[in-house]
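Visitor: Provided herewith is a single structure, encoded as structure tokens, for subsequent inquiry.
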Amino acid sequence: MTGGRRAELATALAAARERVAVAERATGRPHGDVTLLVVTKFFPAADVEHLIDLGVREFGESREPEASRKVAQIRADRGDVVFAADMIGRVQRKKARSVSRWARRVHSVDSIDLVDALGGAVRRSLDDGERTDPLGVLLQMSLDGDPERGGLVESDLRGAADRVAGHADELRLDGLMVIAPLGLEPDEAMARAAGIRERFVADHPGARELSAGMSGDLEQAIAHGSTCVRVGTAIMGARPILSP
């Protein structure tokens with residue numbers, strides 16, 4: 001079954017890469033301008049290792065402690081391979097310390113309290129030798145103000161960005177993240193996100209990353225300037241059934 005799963009992933013990965021490439025060409029962007037972040041949450045470390053064999057080096061995870069265990073296993077199995085794991089799901093402040101040990105970047109920073117928790121956690125990880133560089137931060141923007149979906153409304157982004165700057169030795173402001181709200185057409189959602197990003201980058205020119213677009217709307221996201229699409233289902237397949 002190992003060979004069958006690797007072949008299955010190879011086919012799906014090639015199709016996703018082609019979708020990204022076609023979307024880049026359609027908007028006149030150079031090939032490779034958009035990062036394909038493969039979302040491997042709920043899937044085993046063995047799948048990640050298959051993807052590493054297929055040339056993938058950037059992954060998205062969203063659950064603790066699953067992510068910590070998986071990253072540790074892959075590092076033990078593939079110590080010669082450099083790969084990056086990003087936290088894309090909502091982060092509880094009490095999980096900041098765990099996330100600080102393995103994540104390259106957190107895509108879902110949506111409060112000043114979380115900024116402070118991550119800053120303190122990264123400080124401890126740096127002091128303990130668990131990491132050697134700052135943690136990348138993407139502020140999650142909300143397009144509809146729904147607290148259940150997380151995110152900061154545009155008027156709150158500046159304050160959160162200022163707080164990240166206050167942790168300059170621990171945190172690096174990389175840009176913004178968005179999830180298209182339910183009930184809003186993807187093209188309209190991504191157009192709104194692009195407008196917010198344009199205004200944000202005017203004040204924070206170094207924070208140019210835009211994590212936007214998933215399996216169902218990556219073309220619209222790329223058309224509106226996404227630099228990173230988070231693709232899970234289109235590559236990994238249906239989520240496995242988990243024990244309660």
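Chain labels A, B, ... are given in the sequence in which chains occur in the structure tokens; within each chain residues are numbered consecutively from 1, and ligands are likewise numbered from 1 in the order shown.
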Enumerate as a ChimeraX atom specification all residues of stretch 38-214 of chain A assigned to strand (DSSP E or B) by DSSP on the backbone, naming them with the chain letters and numbers the document uses.

Guide: /A:38-39,58-61,84-87,105-109,135-141,152,171-177,209-211

Visitor: Would you tabulate, counting only C-alpha atoms, all residues of stretch 161-186 of chain A that have an atom at most 12 Å from an atom of stretch 120-136 of chain A, showing the closest pair of atoms and their distance in Å to one decimal, sorted by chain then ascending number, as a tab-separated table?

Guide:
```
residue	atom	partner	partner_atom	distance
A:Val164	CA	A:Gly136	CA	10.0
A:Ala165	CA	A:Pro134	CA	11.8
A:Gly166	CA	A:Gly120	CA	11.4
A:His167	CA	A:Gly120	CA	8.5
A:Ala168	CA	A:Pro134	CA	8.1
A:Asp169	CA	A:Pro134	CA	6.5
A:Glu170	CA	A:Pro134	CA	4.6
A:Leu171	CA	A:Leu135	CA	4.9
A:Arg172	CA	A:Gly136	CA	4.8
A:Leu173	CA	A:Gly136	CA	6.1
A:Asp174	CA	A:Gly136	CA	5.9
A:Gly175	CA	A:Gly136	CA	8.9
A:Leu176	CA	A:Gly136	CA	10.9
```

Visitor: Which neighbours of A:Arg208 fall inside 10 Å, counting only C-alpha atoms, when residues of the same chain fewer than 4 positions from it are skipped, and could you give them as a list in words?

Guide: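 In the requested format, the answer is Leu138, Leu173, Asp174, Gly175, Leu176, Arg197, Glu198, Phe200, Val201, Ala202, His204, Gly225, Ser226 and Thr227 of chain A.
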
Visitor: Could you dump the residues just selected with N, CA and C atoms as an mmCIF file, in the first residue's frame?

Guide:
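As written to disk, out37.cif reads:
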```
data_model
loop_
_atom_site.group_PDB
_atom_site.id
_atom_site.type_symbol
_atom_site.label_atom_id
_atom_site.label_comp_id
_atom_site.auth_asym_id
_atom_site.auth_seq_id
_atom_site.Cartn_x
_atom_site.Cartn_y
_atom_site.Cartn_z
ATOM 1 N N LEU A 138 1.892 35.884 10.693
ATOM 2 C CA LEU A 138 0.902 36.431 9.770
ATOM 3 C C LEU A 138 -0.322 36.802 10.597
ATOM 4 N N LEU A 173 7.189 40.078 11.610
ATOM 5 C CA LEU A 173 5.916 40.317 10.931
ATOM 6 C C LEU A 173 6.092 40.043 9.432
ATOM 7 N N ASP A 174 5.486 38.950 8.955
ATOM 8 C CA ASP A 174 5.645 38.555 7.554
ATOM 9 C C ASP A 174 4.512 39.033 6.667
ATOM 10 N N GLY A 175 3.312 39.236 7.233
ATOM 11 C CA GLY A 175 2.202 39.662 6.383
ATOM 12 C C GLY A 175 0.863 39.306 6.982
ATOM 13 N N LEU A 176 -0.070 38.934 6.105
ATOM 14 C CA LEU A 176 -1.464 38.716 6.484
ATOM 15 C C LEU A 176 -1.953 37.358 5.996
ATOM 16 N N ARG A 197 -4.785 44.321 2.285
ATOM 17 C CA ARG A 197 -3.344 44.065 2.230
ATOM 18 C C ARG A 197 -2.594 45.249 1.628
ATOM 19 N N GLU A 198 -3.130 45.843 0.575
ATOM 20 C CA GLU A 198 -2.455 46.983 -0.055
ATOM 21 C C GLU A 198 -2.270 48.123 0.939
ATOM 22 N N PHE A 200 -2.261 47.820 4.219
ATOM 23 C CA PHE A 200 -1.386 47.356 5.295
ATOM 24 C C PHE A 200 0.086 47.448 4.877
ATOM 25 N N VAL A 201 0.389 46.997 3.674
ATOM 26 C CA VAL A 201 1.770 47.000 3.201
ATOM 27 C C VAL A 201 2.303 48.421 3.048
ATOM 28 N N ALA A 202 1.433 49.376 2.784
ATOM 29 C CA ALA A 202 1.877 50.766 2.699
ATOM 30 C C ALA A 202 2.510 51.214 4.010
ATOM 31 N N HIS A 204 3.603 48.839 6.349
ATOM 32 C CA HIS A 204 4.542 47.780 6.764
ATOM 33 C C HIS A 204 5.122 47.134 5.506
ATOM 34 N N GLY A 225 -3.360 38.302 -5.669
ATOM 35 C CA GLY A 225 -2.071 38.580 -5.049
ATOM 36 C C GLY A 225 -1.598 37.636 -3.974
ATOM 37 N N SER A 226 -2.286 36.506 -3.768
ATOM 38 C CA SER A 226 -1.818 35.555 -2.759
ATOM 39 C C SER A 226 -0.385 35.135 -3.058
ATOM 40 N N THR A 227 0.412 35.026 -2.005
ATOM 41 C CA THR A 227 1.779 34.520 -2.147
ATOM 42 C C THR A 227 1.913 33.103 -1.606
#
```

Visitor: Between A:Arg199, A:Thr40, A:Ile88, A:His50, single out the one closest to A:Leu157, counting only C-alpha atoms.

Guide: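 Distance minimum relative to A:Leu157 lands on A:Arg199.
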
Visitor: Give me the residues of stretch 57-145 of chain A that have any atom at most 12 Å from an atom of stretch 177-195 of chain A; for each, the nearest atom pair and the distance in Å, rounded to one decimal. Use only C-alpha atoms, sort by chain and number, and format it as JSON lines.

Guide:
```
{"residue": "A:Met87", "atom": "CA", "partner": "A:Met177", "partner_atom": "CA", "distance": 11.8}
{"residue": "A:Ile88", "atom": "CA", "partner": "A:Met177", "partner_atom": "CA", "distance": 9.2}
{"residue": "A:Gly89", "atom": "CA", "partner": "A:Ile179", "partner_atom": "CA", "distance": 10.9}
{"residue": "A:Arg90", "atom": "CA", "partner": "A:Met177", "partner_atom": "CA", "distance": 11.8}
{"residue": "A:Arg105", "atom": "CA", "partner": "A:Met177", "partner_atom": "CA", "distance": 11.5}
{"residue": "A:Val106", "atom": "CA", "partner": "A:Met177", "partner_atom": "CA", "distance": 9.6}
{"residue": "A:His107", "atom": "CA", "partner": "A:Met177", "partner_atom": "CA", "distance": 6.0}
{"residue": "A:Ser108", "atom": "CA", "partner": "A:Met177", "partner_atom": "CA", "distance": 6.9}
{"residue": "A:Val109", "atom": "CA", "partner": "A:Met177", "partner_atom": "CA", "distance": 8.7}
{"residue": "A:Asp110", "atom": "CA", "partner": "A:Met177", "partner_atom": "CA", "distance": 9.8}
{"residue": "A:Val137", "atom": "CA", "partner": "A:Met177", "partner_atom": "CA", "distance": 9.5}
{"residue": "A:Leu138", "atom": "CA", "partner": "A:Met177", "partner_atom": "CA", "distance": 5.8}
{"residue": "A:Leu139", "atom": "CA", "partner": "A:Met177", "partner_atom": "CA", "distance": 5.9}
{"residue": "A:Gln140", "atom": "CA", "partner": "A:Met177", "partner_atom": "CA", "distance": 4.5}
{"residue": "A:Met141", "atom": "CA", "partner": "A:Val178", "partner_atom": "CA", "distance": 5.5}
{"residue": "A:Ser142", "atom": "CA", "partner": "A:Val178", "partner_atom": "CA", "distance": 6.9}
{"residue": "A:Leu143", "atom": "CA", "partner": "A:Pro181", "partner_atom": "CA", "distance": 7.0}
{"residue": "A:Asp144", "atom": "CA", "partner": "A:Pro181", "partner_atom": "CA", "distance": 6.9}
{"residue": "A:Gly145", "atom": "CA", "partner": "A:Pro181", "partner_atom": "CA", "distance": 9.6}
```

Visitor: Put those residues in a file: all heavy atoms, as a short mmCIF file (atom, residue, chain, number, x, y, z; two decimals), in the first residue's frame.

Guide:
```cif
data_model
loop_
_atom_site.label_atom_id
_atom_site.label_comp_id
_atom_site.auth_asym_id
_atom_site.auth_seq_id
_atom_site.Cartn_x
_atom_site.Cartn_y
_atom_site.Cartn_z
N MET A 87 2.16 26.67 11.33
CA MET A 87 0.91 26.50 12.07
C MET A 87 -0.15 27.35 11.37
O MET A 87 0.00 28.58 11.29
CB MET A 87 1.07 26.95 13.53
CG MET A 87 -0.18 26.79 14.36
SD MET A 87 -0.65 25.04 14.51
CE MET A 87 -1.88 25.10 15.81
N ILE A 88 -1.19 26.71 10.86
CA ILE A 88 -2.20 27.46 10.12
C ILE A 88 -3.52 27.54 10.86
O ILE A 88 -4.39 28.31 10.49
CB ILE A 88 -2.43 26.84 8.72
CG1 ILE A 88 -2.96 25.41 8.83
CG2 ILE A 88 -1.13 26.87 7.91
CD1 ILE A 88 -3.43 24.83 7.51
N GLY A 89 -3.69 26.74 11.92
CA GLY A 89 -4.95 26.76 12.67
C GLY A 89 -4.89 27.74 13.84
O GLY A 89 -3.85 28.29 14.17
N ARG A 90 -6.03 27.95 14.45
CA ARG A 90 -6.10 28.85 15.60
C ARG A 90 -5.25 28.30 16.73
O ARG A 90 -5.21 27.09 16.98
CB ARG A 90 -7.54 29.04 16.06
CG ARG A 90 -8.42 29.70 15.00
CD ARG A 90 -9.81 29.98 15.51
NE ARG A 90 -9.84 31.19 16.34
CZ ARG A 90 -10.97 31.74 16.79
NH1 ARG A 90 -12.14 31.20 16.50
NH2 ARG A 90 -10.93 32.82 17.53
N ARG A 105 6.38 29.49 11.05
CA ARG A 105 5.50 30.65 10.94
C ARG A 105 4.13 30.27 11.46
O ARG A 105 3.69 29.13 11.34
CB ARG A 105 5.41 31.04 9.45
CG ARG A 105 4.49 32.19 9.11
CD ARG A 105 4.49 32.43 7.61
NE ARG A 105 5.75 33.00 7.15
CZ ARG A 105 6.18 32.94 5.88
NH1 ARG A 105 5.49 32.29 4.97
NH2 ARG A 105 7.32 33.52 5.55
N VAL A 106 3.44 31.23 12.07
CA VAL A 106 2.05 31.05 12.49
C VAL A 106 1.19 31.95 11.60
O VAL A 106 1.39 33.16 11.56
CB VAL A 106 1.84 31.39 13.97
CG1 VAL A 106 0.36 31.31 14.34
CG2 VAL A 106 2.65 30.45 14.86
N HIS A 107 0.22 31.33 10.91
CA HIS A 107 -0.61 32.07 9.96
C HIS A 107 -1.85 32.69 10.59
O HIS A 107 -2.54 33.46 9.93
CB HIS A 107 -1.09 31.13 8.84
CG HIS A 107 -0.04 30.66 7.91
ND1 HIS A 107 -0.18 30.72 6.54
CD2 HIS A 107 1.18 30.11 8.13
CE1 HIS A 107 0.90 30.23 5.95
NE2 HIS A 107 1.75 29.84 6.91
N SER A 108 -2.13 32.36 11.83
CA SER A 108 -3.46 32.63 12.39
C SER A 108 -3.40 33.51 13.65
O SER A 108 -4.20 33.32 14.56
CB SER A 108 -4.12 31.30 12.74
OG SER A 108 -3.22 30.49 13.50
N VAL A 109 -2.51 34.49 13.67
CA VAL A 109 -2.40 35.36 14.85
C VAL A 109 -3.53 36.38 14.80
O VAL A 109 -3.61 37.20 13.88
CB VAL A 109 -1.02 36.04 14.89
CG1 VAL A 109 -0.94 37.00 16.06
CG2 VAL A 109 0.08 34.98 14.98
N ASP A 110 -4.42 36.32 15.79
CA ASP A 110 -5.63 37.12 15.71
C ASP A 110 -5.94 37.91 16.98
O ASP A 110 -7.07 38.36 17.17
CB ASP A 110 -6.83 36.23 15.35
CG ASP A 110 -7.10 35.15 16.39
OD1 ASP A 110 -6.33 35.04 17.37
OD2 ASP A 110 -8.09 34.41 16.22
N VAL A 137 5.21 35.67 11.71
CA VAL A 137 3.83 35.93 12.11
C VAL A 137 3.05 36.48 10.93
O VAL A 137 3.49 37.41 10.25
CB VAL A 137 3.79 36.96 13.27
CG1 VAL A 137 2.39 37.52 13.46
CG2 VAL A 137 4.29 36.32 14.56
N LEU A 138 1.89 35.88 10.69
CA LEU A 138 0.90 36.43 9.77
C LEU A 138 -0.32 36.80 10.60
O LEU A 138 -0.84 35.97 11.35
CB LEU A 138 0.51 35.41 8.70
CG LEU A 138 1.62 34.95 7.75
CD1 LEU A 138 1.08 33.89 6.80
CD2 LEU A 138 2.20 36.11 6.97
N LEU A 139 -0.76 38.03 10.48
CA LEU A 139 -1.97 38.46 11.17
C LEU A 139 -3.18 38.01 10.36
O LEU A 139 -3.28 38.29 9.17
CB LEU A 139 -1.99 39.99 11.33
CG LEU A 139 -0.82 40.58 12.13
CD1 LEU A 139 -0.95 42.10 12.17
CD2 LEU A 139 -0.77 40.02 13.55
N GLN A 140 -4.07 37.29 11.02
CA GLN A 140 -5.27 36.81 10.32
C GLN A 140 -6.30 37.93 10.27
O GLN A 140 -6.73 38.45 11.31
CB GLN A 140 -5.87 35.60 11.02
CG GLN A 140 -7.10 35.05 10.29
CD GLN A 140 -7.68 33.82 10.96
OE1 GLN A 140 -7.05 33.22 11.83
NE2 GLN A 140 -8.88 33.45 10.57
N MET A 141 -6.70 38.31 9.08
CA MET A 141 -7.71 39.36 8.95
C MET A 141 -9.09 38.75 8.81
O MET A 141 -9.27 37.69 8.21
CB MET A 141 -7.40 40.28 7.76
CG MET A 141 -7.19 39.60 6.43
SD MET A 141 -6.90 40.82 5.13
CE MET A 141 -5.76 39.90 4.07
N SER A 142 -10.06 39.43 9.37
CA SER A 142 -11.45 39.02 9.28
C SER A 142 -12.16 39.92 8.28
O SER A 142 -12.07 41.15 8.37
CB SER A 142 -12.13 39.14 10.65
OG SER A 142 -13.52 38.93 10.52
N LEU A 143 -12.86 39.31 7.34
CA LEU A 143 -13.62 40.09 6.36
C LEU A 143 -15.06 40.30 6.77
O LEU A 143 -15.76 41.12 6.18
CB LEU A 143 -13.57 39.39 5.00
CG LEU A 143 -12.19 39.17 4.39
CD1 LEU A 143 -12.32 38.50 3.03
CD2 LEU A 143 -11.42 40.47 4.28
N ASP A 144 -15.52 39.55 7.79
CA ASP A 144 -16.93 39.65 8.18
C ASP A 144 -17.13 39.94 9.67
O ASP A 144 -18.25 40.09 10.12
CB ASP A 144 -17.69 38.39 7.79
CG ASP A 144 -17.13 37.12 8.44
OD1 ASP A 144 -16.20 37.24 9.26
OD2 ASP A 144 -17.62 36.02 8.11
N GLY A 145 -16.03 40.01 10.44
CA GLY A 145 -16.15 40.31 11.86
C GLY A 145 -16.71 39.19 12.69
O GLY A 145 -17.05 39.41 13.87
#
```

Visitor: Give me, as a list in words, all polymer residues having an atom no more than 10 Å from A:Lys94, counting only C-alpha atoms and skipping those fewer than 3 positions away in the same chain.

Guide: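 Skipping anything fewer than 3 positions along the chain leaves Val91, Arg97, Ser98, Val99, Leu114, Ala117, Leu118 and Ala121 of chain A.
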
Visitor: Go ahead and save the picked residues with N, CA, C and O atoms, as a compact mmCIF listing (two decimals), in the first residue's frame.

Guide:
```
# COMPACT_ATOMS: atom_id res chain seq x y z
N VAL A 91 -4.56 29.19 17.42
CA VAL A 91 -3.62 28.80 18.47
C VAL A 91 -4.16 29.26 19.83
O VAL A 91 -4.41 30.46 20.03
N ARG A 97 3.80 27.75 23.72
CA ARG A 97 5.13 27.20 24.00
C ARG A 97 5.42 26.01 23.10
O ARG A 97 6.52 25.89 22.55
N SER A 98 4.46 25.12 22.94
CA SER A 98 4.66 23.97 22.07
C SER A 98 4.88 24.40 20.62
O SER A 98 5.79 23.91 19.95
N VAL A 99 4.04 25.31 20.16
CA VAL A 99 4.15 25.78 18.78
C VAL A 99 5.51 26.43 18.53
O VAL A 99 6.12 26.27 17.47
N LEU A 114 -2.40 36.89 21.99
CA LEU A 114 -1.68 35.80 21.35
C LEU A 114 -0.29 36.26 20.91
O LEU A 114 0.68 35.50 21.03
N ALA A 117 1.77 36.07 23.97
CA ALA A 117 2.03 34.69 24.37
C ALA A 117 3.09 34.06 23.46
O ALA A 117 4.00 33.37 23.95
N LEU A 118 3.00 34.29 22.17
CA LEU A 118 3.99 33.74 21.25
C LEU A 118 5.36 34.38 21.46
O LEU A 118 6.39 33.70 21.43
N ALA A 121 6.85 32.81 24.51
CA ALA A 121 7.19 31.41 24.26
C ALA A 121 8.44 31.29 23.40
O ALA A 121 9.32 30.46 23.65
```

Visitor: Show me, as JSON, numbers by chain, the residues that have an atom within 9 Å of A:Ala67 when counting only C-alpha atoms, minus same-chain residues fewer than 3 positions from it.

Guide: {"A": [41, 61, 62, 63, 64, 70, 71, 72, 85, 87, 99, 102]}

Visitor: Taking only C-alpha atoms into account, which of A:Thr233, A:Gln220, A:Ser215, A:Ser111 comes nearest A:Ala26?

Guide: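 For A:Ala26, the nearest of the given residues is A:Gln220.
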
Visitor: Mind giving me the straight-line distance from atom CA of A:Ile196 to atom CA of A:Gly60 in Å, one decimal?

Guide: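 Value for the atom CA of A:Ile196-atom CA of A:Gly60 distance: 23.9 Å.
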